[in-house]
Amino acid sequence: MTHVFHRHLRSTPPVADSAAGMRIRDADGRSYLDASGGAAVSALGHAHPDVLAAMHAQIDRLSYAHTGFFTTEVAEQLAHELMRSAPAGMSHAYFVSGGSEAVEAALKMARQYFVEIGQPQRTHFIARRQSYHGNTLGALAVGGNAWRRAPFAPLLVPATHVAPCYPYREQRADEAPAQYALRLAAELEAAILAQGADRVIAFVAETVGGATAGVLTPVADYFRAVRAVCDKYGVLLILDEVMCGMGRTGTLHASEQEGVVPDLLTIAKGLGGGYQPVGAVLAQGKIVDAMSQGSGFFQHGHTYLGHPVACAAALAVQKVIQRDELLPKVRADGEAFGAMLQQALGDHPRVGDIRGRGFFWGVELVADRGSKRPFPAALKLHAAIKKDAMARGLLCYPMGGTVNGVDGDHVLLAPPFIASRDDLQEITRLLSASIDAATRACD
Ligand code: PLP
């Protein structure tokens, strides 16, 4: 009997035993091709020697120091490295232990910024439906997944949710992408005005949506349009790139492809590539300056902030990505991967949409392509695909169920950046077989 409090309490998952490169092996000797990098975490695959060496060296030198007493050389180096390539105007990196912690810290930084500059009446966040920002209460409050929020709704800080940028389902047939972007920006403006123009702290959005509706790539101009609305009312823009950032979409930050600069940027998964739990908030100088010239203190903190071994792992991961020129690889092979998926699944009667960038792809499943009708949530198609894929030795990241009253199933693919074209072909082949088998069983 297990004493681990697993996610699912009526079954115990296989025991992960060892891993190298693109593969994880379980205790029964089964080998799995990792097409999802866990949950879009693994950038370099498993057991990368340079990262392991950097972690060992750091453990031997200094395995822990509390940020209430010290900074460390490795945290300073990592912050320096991140600032070298950060969006314009960013000046500091705040290191935490994961994505939800990064989002919590960003929400509090945004709120404290307005307290420091004499606008304490700003108390409200605006975010998007069908989004995911983490499972702690602040992150859950801005998250737009009704199912995840439901049991905790009475505990959540106030937030309004506007429509996500979801062209496949929500762009009208007679609407050009630029018009769609403006319609969404107008909805955001109306939501700000409904709260009171000077009452909103920030608009929070994933630059490329991840864990709730499959990969949601925005239309061109969407982020420029919402940035303009935020600027009009002095509302901060918090971009959550915990999943889509740090190279996953082919540029270091996904927002680079949108032509916007956020006020706060959250990063996590790809930062440490799974070698250590680590995340960060990258902050604009004006926010840090307001605190340093005001109270002089960010009223937040955790025991493991800036953990030296986590920083060493992240620094090593980022150096390998640069040295091995993995971002151009992700762009080129990502395009090839998209073409492979299109070729294998583009005409599949149960595949409604295939979308993505770089090594971040989503496949949306439908019972009927013409009407885009999803499979009923009760069939749990996503769970069937996951199970079938694992039986074939493939790890992908299907999700689904009822989100905001809408049923839907998606498969998210986020292979490590080291995946070869043969790996991508194999992923496509196994996934197609699983989608075929699981959708046929649900017909
Ligand atoms: N934000 C986004 C966009 C995410 O995708 C996730 C996790 O999937 C989180 C935040 C939460 O990160 P963590 O699970 O590390 O707390």
# chains A, B, ... in the order shown; residues from 1 in each chain; ligands from 1
call {"tool": "select_by_dssp", "arguments": {"residues": "stretch 27-114 of chain A", "states": "strand (DSSP E)", "output": "JSON, numbers by chain"}}
result
{"A": [31, 32, 33, 34, 90, 91, 92, 93, 94, 95, 96]}
call {"tool": "residues_near_ligand", "arguments": {"ligand": "ligand 1", "cutoff": "9 Å", "atoms": "only C-alpha atoms and all ligand atoms", "output": "VMD selection string"}}
result
chain A and resid 39 to 41 97 to 103 131 to 136 139 143 205 to 212 239 to 245 266 to 269 277 to 279
call {"tool": "write_last_selection", "arguments": {"atoms": "N, CA and C atoms", "output": "compact mmCIF listing (two decimals), in the first residue's frame"}}
result
# COMPACT_ATOMS: atom_id res chain seq x y z
N ALA A 39 5.39 18.18 -17.84
CA ALA A 39 4.39 19.16 -18.27
C ALA A 39 5.15 20.35 -18.87
N ALA A 40 5.76 20.10 -20.03
CA ALA A 40 6.51 21.15 -20.76
C ALA A 40 7.68 21.70 -19.93
N VAL A 41 8.33 20.80 -19.21
CA VAL A 41 9.41 21.21 -18.32
C VAL A 41 10.78 20.96 -18.95
N SER A 97 10.51 28.86 -6.46
CA SER A 97 10.70 27.42 -6.66
C SER A 97 9.76 26.79 -7.68
N GLY A 98 9.01 27.60 -8.43
CA GLY A 98 8.12 27.00 -9.42
C GLY A 98 7.17 28.02 -9.99
N GLY A 99 6.25 27.53 -10.82
CA GLY A 99 5.38 28.43 -11.57
C GLY A 99 4.35 29.14 -10.71
N SER A 100 3.67 28.39 -9.85
CA SER A 100 2.63 29.03 -9.02
C SER A 100 3.26 30.08 -8.12
N GLU A 101 4.42 29.75 -7.57
CA GLU A 101 5.12 30.74 -6.71
C GLU A 101 5.49 31.98 -7.51
N ALA A 102 5.87 31.79 -8.77
CA ALA A 102 6.23 32.94 -9.61
C ALA A 102 4.99 33.82 -9.83
N VAL A 103 3.86 33.18 -10.09
CA VAL A 103 2.63 33.96 -10.33
C VAL A 103 2.20 34.68 -9.05
N SER A 131 -7.73 29.69 -18.93
CA SER A 131 -6.30 29.90 -18.70
C SER A 131 -5.87 29.07 -17.48
N TYR A 132 -4.58 28.93 -17.31
CA TYR A 132 -4.07 28.27 -16.11
C TYR A 132 -2.85 29.04 -15.62
N HIS A 133 -2.88 29.41 -14.34
CA HIS A 133 -1.74 30.15 -13.79
C HIS A 133 -1.19 29.49 -12.53
N GLY A 134 -1.68 28.31 -12.19
CA GLY A 134 -1.15 27.62 -11.02
C GLY A 134 -2.25 27.30 -10.03
N ASN A 135 -1.88 26.57 -9.00
CA ASN A 135 -2.87 26.00 -8.09
C ASN A 135 -2.90 26.63 -6.70
N THR A 136 -1.98 27.53 -6.40
CA THR A 136 -2.07 28.23 -5.11
C THR A 136 -3.22 29.26 -5.22
N ALA A 139 -2.89 32.35 -7.61
CA ALA A 139 -2.77 31.91 -9.00
C ALA A 139 -4.08 31.32 -9.49
N GLY A 143 -6.53 32.34 -12.57
CA GLY A 143 -6.75 31.27 -13.53
C GLY A 143 -8.21 31.23 -13.95
N ALA A 205 -2.07 37.23 -18.43
CA ALA A 205 -2.35 36.30 -19.54
C ALA A 205 -1.13 35.45 -19.83
N GLU A 206 -1.40 34.20 -20.25
CA GLU A 206 -0.32 33.37 -20.81
C GLU A 206 -0.08 33.88 -22.23
N THR A 207 1.17 34.09 -22.59
CA THR A 207 1.44 34.60 -23.95
C THR A 207 0.97 33.57 -24.99
N VAL A 208 1.31 32.32 -24.77
CA VAL A 208 0.71 31.23 -25.53
C VAL A 208 0.05 30.33 -24.50
N GLY A 209 -1.25 30.19 -24.59
CA GLY A 209 -1.99 29.40 -23.59
C GLY A 209 -1.51 27.96 -23.57
N GLY A 210 -1.53 27.34 -22.40
CA GLY A 210 -0.99 25.99 -22.31
C GLY A 210 -1.95 24.97 -21.76
N ALA A 211 -2.00 24.88 -20.45
CA ALA A 211 -2.54 23.68 -19.81
C ALA A 211 -4.06 23.60 -19.73
N THR A 212 -4.81 24.57 -20.23
CA THR A 212 -6.25 24.42 -20.12
C THR A 212 -6.92 24.11 -21.45
N LEU A 239 2.66 38.92 -18.04
CA LEU A 239 2.63 37.77 -18.95
C LEU A 239 3.17 36.55 -18.22
N ASP A 240 2.39 35.48 -18.28
CA ASP A 240 2.77 34.24 -17.63
C ASP A 240 3.37 33.31 -18.69
N GLU A 241 4.67 33.17 -18.62
CA GLU A 241 5.37 32.28 -19.56
C GLU A 241 5.99 31.11 -18.82
N VAL A 242 5.33 30.71 -17.75
CA VAL A 242 5.81 29.56 -16.97
C VAL A 242 5.92 28.34 -17.88
N MET A 243 4.94 28.17 -18.76
CA MET A 243 4.97 27.00 -19.65
C MET A 243 5.55 27.34 -21.02
N CYS A 244 5.14 28.46 -21.59
CA CYS A 244 5.49 28.73 -22.99
C CYS A 244 6.82 29.45 -23.14
N GLY A 245 7.45 29.83 -22.03
CA GLY A 245 8.66 30.64 -22.11
C GLY A 245 9.95 29.83 -22.16
N THR A 266 6.55 36.01 -15.80
CA THR A 266 6.82 34.83 -14.97
C THR A 266 7.38 33.72 -15.85
N ILE A 267 8.42 33.06 -15.35
CA ILE A 267 9.03 31.93 -16.05
C ILE A 267 9.27 30.81 -15.04
N ALA A 268 9.32 29.58 -15.49
CA ALA A 268 9.63 28.51 -14.55
C ALA A 268 10.10 27.25 -15.27
N LYS A 269 9.16 26.52 -15.84
CA LYS A 269 9.46 25.13 -16.23
C LYS A 269 10.77 24.97 -17.00
N PRO A 277 13.52 22.39 -8.89
CA PRO A 277 12.33 23.24 -8.88
C PRO A 277 12.78 24.71 -8.83
N VAL A 278 12.51 25.44 -9.90
CA VAL A 278 12.95 26.84 -9.93
C VAL A 278 12.04 27.64 -10.87
N GLY A 279 11.77 28.86 -10.47
CA GLY A 279 11.00 29.78 -11.30
C GLY A 279 11.49 31.18 -11.01
call {"tool": "residues_around", "arguments": {"residues": "A:Gly362", "least_positions_apart": "2", "cutoff": "8 Å", "atoms": "only C-alpha atoms", "output": "number ranges by chain"}}
result
A: 214-216, 353-356, 360, 364, 410-413
call {"tool": "write_last_selection", "arguments": {"atoms": "C-alpha atoms", "output": "compact mmCIF listing (two decimals), in the first residue's frame"}}
result
# COMPACT_ATOMS: atom_id res chain seq x y z
CA GLY A 214 -4.28 22.97 -25.45
CA VAL A 215 -1.78 25.29 -27.02
CA LEU A 216 -3.49 28.63 -27.76
CA ASP A 353 -7.26 21.82 -35.00
CA ILE A 354 -3.48 21.48 -34.83
CA ARG A 355 -1.70 24.61 -33.62
CA GLY A 356 1.58 25.62 -32.12
CA PHE A 360 4.89 23.53 -28.29
CA GLU A 364 -7.75 19.60 -30.40
CA HIS A 410 -6.70 18.31 -26.31
CA VAL A 411 -3.26 16.78 -26.46
CA LEU A 412 -0.32 18.99 -25.62
CA LEU A 413 3.11 18.12 -27.00
call {"tool": "closest_residue", "arguments": {"among": "A:Ala391, A:Val4, A:Ala336, A:Met55", "to": "A:Trp361", "atoms": "only C-alpha atoms"}}
result
A:Ala336
call {"tool": "closest_residue", "arguments": {"among": "A:Arg129, A:Ser295, A:Gly38, A:Ala88", "to": "A:Arg23", "atoms": "only C-alpha atoms"}}
result
A:Gly38
call {"tool": "residues_around", "arguments": {"residues": "A:Leu156", "least_positions_apart": "2", "cutoff": "8 Å", "atoms": "only C-alpha atoms", "output": "list in words"}}
result
Leu137, Gly138, Leu140, Ala141, Phe152, Ala153, Pro154 and Pro158 of chain A
call {"tool": "write_last_selection", "arguments": {"atoms": "C-alpha atoms", "output": "JSON list (two decimals), in the first residue's frame"}}
result
[["chain", "number", "residue", "atom", "x", "y", "z"],
["A", 137, "LEU", "CA", -4.96, 30.50, -4.14],
["A", 138, "GLY", "CA", -3.73, 33.70, -5.81],
["A", 140, "LEU", "CA", -6.05, 30.00, -8.95],
["A", 141, "ALA", "CA", -7.94, 33.28, -8.58],
["A", 152, "PHE", "CA", -12.20, 27.07, -3.73],
["A", 153, "ALA", "CA", -14.19, 29.93, -5.28],
["A", 154, "PRO", "CA", -15.22, 31.49, -1.93],
["A", 158, "PRO", "CA", -11.45, 39.23, -6.84]]
call {"tool": "residues_around", "arguments": {"residues": "stretch 9-13 of chain A", "least_positions_apart": "4", "cutoff": "12 Å", "atoms": "only C-alpha atoms", "output": "JSON, numbers by chain"}}
result
{"A": [1, 2, 3, 4, 5, 26, 27, 28, 387, 390]}
call {"tool": "closest_residue", "arguments": {"among": "A:Ala367, A:Cys311, A:Ile24, A:Ala194", "to": "A:Gln77", "atoms": "only C-alpha atoms"}}
result
A:Cys311
call {"tool": "closest_residue", "arguments": {"among": "A:His382, A:His307, A:His124, A:His302", "to": "A:Ala75", "atoms": "only C-alpha atoms"}}
result
A:His307
call {"tool": "residues_around", "arguments": {"residues": "stretch 113-122 of chain A", "least_positions_apart": "4", "cutoff": "12 Å", "atoms": "only C-alpha atoms", "output": "number ranges by chain"}}
result
A: 105-109, 126, 158-159, 192, 195-202, 233-236, 263-264, 283-299
call {"tool": "residues_around", "arguments": {"residues": "A:Gly68", "least_positions_apart": "6", "cutoff": "10 Å", "atoms": "only C-alpha atoms", "output": "list of chain:residue names"}}
result
A:Gly301, A:His302, A:Thr303, A:Leu305
call {"tool": "closest_residue", "arguments": {"among": "A:Ala437, A:Val330, A:Ala186, A:Leu271", "to": "A:Ala419", "atoms": "only C-alpha atoms"}}
result
A:Val330
call {"tool": "atom_distance", "arguments": {"atom1": "atom CA of A:Ala225", "atom2": "atom CA of A:Glu258"}}
result
10.3 Å
call {"tool": "closest_residue", "arguments": {"among": "A:Arg148, A:Ala93, A:Ala389, A:Ala314", "to": "A:Thr428", "atoms": "only C-alpha atoms"}}
result
A:Ala389
